Amino acid sequence: MESSHPIVRTRFAPSPTGFMHVGGVRTALFAWLIARQGHGQFVLRIEDTDQKREVDGSADHLITSLNALGLHYDEGPDIGGPYGPYRQSDRLAIYTTWAQKLIDQGRAYADPYSAEELQTFRELAKNEKRAFLYRNHRPEHPPTWDGTMPLRLKSDPKAYTWHDEVMGDLQTGPEVIDDIILIKSDGFPTYNFAHIVDDAEMKITHIIRGQEFIASQPNYLNIYEALGLTPPIFATMPHILGESGTKKLGKRDGAKDVLDYLADGYIEEALINFIASLGWNDGTEQEIFTREELIEKFSLDRVQHSGARFDEQRLLWMNGQHIRLLSLDELYARVDRFWPASAGSATSEHKKQILSLVQDRLKTLKDLPLLTTYFFSDPPANLTMITENKQLAKLPLTELAHLLSVSRDALTLSDYTADHLQLTLNQLLDTTGQKPGILFSLIRIAVSWAPFSPSLNDTLSVLGKATVTKRLDQAIQLLS
RNA sequence: GGUCUCAUCGUCUAACGGUUAGGACACCAGGUUUUCAUCCUGGCAAUCGGAGUUCGAUUCUCCGUGAGAUCACCA
């Protein structure tokens with residue numbers, strides 16, 4: 001059933017003024033999902049029309065972030081594409097051409113006022129408790145536009161009703177329509193003008209962006225009309241709010257760089273799932289979604305209308321869930337830079353064995369050293385782990401030393417497969433007459449000196465007979 | 001102040017106008033022959049307020065209240 005609908009094309013259009021935070025990721029993610037779902041294209045366009053705010057390296061950082069999260073784009077400034085260039089500062093001639101059309105039609109004019117005059121108008125409006133409208137001061141005979149003055153739209157004030165895929169039907173009156181600036185006096189277009197031209201030229205079908213643009217939407221519709229363009233589909237995302245407050249999550253409110261989350265051991269699948277579920281769900285009770293499931297199930301009409309708070313606890317939980325979903329080989333490939341320094345000389349075979357033991361315990365990849373150091377190097381003994389242990393403290397140290405001695409002898413006879421070790425350990429419970437709470441705790445502490453570890457038989461198996469025997473001997477000496 | 005938007009457990013959210021208002025995170029209590037984690041079981045906890053429509057309202061309407069966005073030569 002091939003329809004006449006155009007191919008879905010969405011875009012992420014950040015301005016290079018800083019790092020990529022979760023709000024930006026969500027906008028990018030939803031646009032990416034729509035493109036993938038519709039088997040269309042996802043475009044990256046850099047909106048660098050404000051030279052003053054531009055931050056060096058920011059564009060590269062955004063690109064790195066998108067790729068790190070697997071939100072790969074089909075067209076963009078670094079990879080090109082049929083509708084380039086994809087950096088607005090390289091497209092100035094295009095905006096001039098479109099602006100000239102408006103001038104020729106009498107729909108754009110030069111703004112002759114100084115900043116001071118404009119400020120006076122604003123204060124006047126404020127004193128009268130009205131919203132400021134430039135068009136109330138529209139000059140009768142504006143000068144010819146020579147590029148040194150701002151170029152403004154000669155607006156056509158009217159009421160608008162439009163549809164938003166997320167918010168539903170929206171409407172406003174003519175009082176919000178104004179003569180907004182199309183081209184600034186520095187020759188660069190404003191976002192308001194440039195994005196409309198670019199989206200049209202790039203054949204974008206869906207504009208997905210944050211709530212902060214909803215108030216400008218009627219003015220954009222006015223521009224589309226002046227330009228003779230059919231507006232694309234609009235979808236407005238609610239804001240992500242800061243952890244504590246109710247404010248929009250911004251960089252100054254502690255919004256973190258997404259690359260920091262990756263560096264802190266969060267995996268991209270969890271980040272994607274979490275950010276998607278912040279304001280969206282599929283209506284079922286499913287919480288964990290793979291990337292493929294999100295592409296299949298995502299829909300704009302199920303996106304929440306209100307803002308959502310960013311809850312790190314939930315992200316942490318979700319990260320653990322996604323870590324457990326990875327195959328051992330996948331996980332192994334990702335934890336590479338998280339191993340403790342002492343793991344340096346270990347074989348990958350050995351490291352994989354250890355990893356399989358701790359996979360279910362990892363909440364972030366950064367937890368790896370805490371859970372595994374004693375596998376790679378002899379841990380320092382800490383007697384208080386025994387003397388302050390509720391169960392072990394009841395027995396005299398010499399008795400504990402004896403138990404370890406018996407255990408060492410019995411374990412020496414094992415072939416050190418996990419199964420056989422379990423058998424040997426169970427037999428030790430019989431021969432010593434001790435409860436697992438005592439005997440197993442003792443052995444576990446004596447070989448790891450760690451507050452926790454995987455199951456005892458697995459731990460011993462991976463440590464190997466030589467290491468276990470050596471550490472038991474050392475512990476026996478210490479307790480004697 | 002004008003304009004627009006939003007409102008369910010602490011948090012993320014579900015619920016053709018008819019449910020004991022469901023799930024998840026967090027928290028608490030048990031269980032899975034040691035610990036920590038996982039996993040399982042149970043517990044705690046919500047429809048902002050007031051009218052109206054209706055046999056019946058979390059759901060529809062209106063009025064409040066609260067919150068957010070916007071009113072730039074920023075995006």
# chains A, B, ... in the order shown; residues from 1 in each chain; ligands from 1

call {"tool": "select_by_dssp", "arguments": {"residues": "range 11-203 of chain A", "states": "strand (DSSP E or B)", "output": "number ranges by chain"}}
result
A: 11-12, 21, 41-44, 46, 75-76, 80, 87, 108-110, 151-153, 160-164, 168-172, 181-183, 189

call {"tool": "interface_residues", "arguments": {"of": "chain A", "to": "chain B", "cutoff": "6 Å", "atoms": "only C-alpha atoms (C1' of nucleotides)", "output": "list in words"}}
result
Lys129, Arg130, Ala131, Lys184, Glu212, Ala215, Glu285, Ser306, Arg314, Asp360, Arg361, Pro436, Gly437, Phe440, Ser441 and Phe452 of chain A

call {"tool": "residues_around", "arguments": {"residues": "range 46-54 of chain B", "least_positions_apart": "5", "cutoff": "7 Å", "atoms": "only C-alpha atoms (C1' of nucleotides)", "output": "PDB file with N, CA and C atoms (P, O5', C5', C4', C3', O3' and C1' of nucleotides), in the first residue's frame"}}
result
ATOM      1  P     U B   8      -0.413  15.364  37.740  1.00  0.00           P
ATOM      2  O5'   U B   8      -1.039  14.155  38.592  1.00  0.00           O
ATOM      3  C5'   U B   8      -2.226  14.397  39.346  1.00  0.00           C
ATOM      4  C4'   U B   8      -2.686  13.092  39.916  1.00  0.00           C
ATOM      5  C3'   U B   8      -1.582  12.218  40.478  1.00  0.00           C
ATOM      6  O3'   U B   8      -1.253  12.601  41.802  1.00  0.00           O
ATOM      7  C1'   U B   8      -2.992  10.919  39.109  1.00  0.00           C
ATOM      8  P     C B   9       0.269  12.753  42.162  1.00  0.00           P
ATOM      9  O5'   C B   9       0.619  11.274  42.629  1.00  0.00           O
ATOM     10  C5'   C B   9       1.824  11.019  43.354  1.00  0.00           C
ATOM     11  C4'   C B   9       1.475  10.146  44.531  1.00  0.00           C
ATOM     12  C3'   C B   9       2.705   9.700  45.332  1.00  0.00           C
ATOM     13  O3'   C B   9       2.539  10.052  46.706  1.00  0.00           O
ATOM     14  C1'   C B   9       1.344   7.836  44.737  1.00  0.00           C
ATOM     15  P     U B  65      -7.143  32.510  41.299  1.00  0.00           P
ATOM     16  O5'   U B  65      -6.244  31.376  41.937  1.00  0.00           O
ATOM     17  C5'   U B  65      -6.433  31.010  43.313  1.00  0.00           C
ATOM     18  C4'   U B  65      -5.753  29.703  43.591  1.00  0.00           C
ATOM     19  C3'   U B  65      -4.346  29.586  43.038  1.00  0.00           C
ATOM     20  O3'   U B  65      -3.385  30.224  43.856  1.00  0.00           O
ATOM     21  C1'   U B  65      -5.544  27.624  42.525  1.00  0.00           C
TER      22        U B  65
END

call {"tool": "select_by_dssp", "arguments": {"residues": "range 293-440 of chain A", "states": "alpha helix (DSSP H)", "output": "PyMOL selection string"}}
result
chain A and resi 293-297+312-325+328-334+348-358+368-376+384-387+397-412+418-432+436-440

call {"tool": "atom_distance", "arguments": {"atom1": "CA of Leu69 in chain A", "atom2": "CA of Asp260 in chain A"}}
result
12.1 Å

call {"tool": "closest_residue", "arguments": {"among": "A:Ala13, A:Leu44, A:Leu442, A:Ala99", "to": "Glu399 in chain A", "atoms": "only C-alpha atoms"}}
result
A:Leu442

call {"tool": "residues_around", "arguments": {"residues": "His141 in chain A", "least_positions_apart": "3", "cutoff": "12 Å", "atoms": "only C-alpha atoms (C1' of nucleotides)", "output": "list in words"}}
result
Gly106, Tyr109, Ala110, Asp111, Pro112, His137, Arg138, Thr144 and Trp145 of chain A

call {"tool": "atom_distance", "arguments": {"atom1": "CA of Gly57 in chain A", "atom2": "CA of Asp257 in chain A"}}
result
14.0 Å
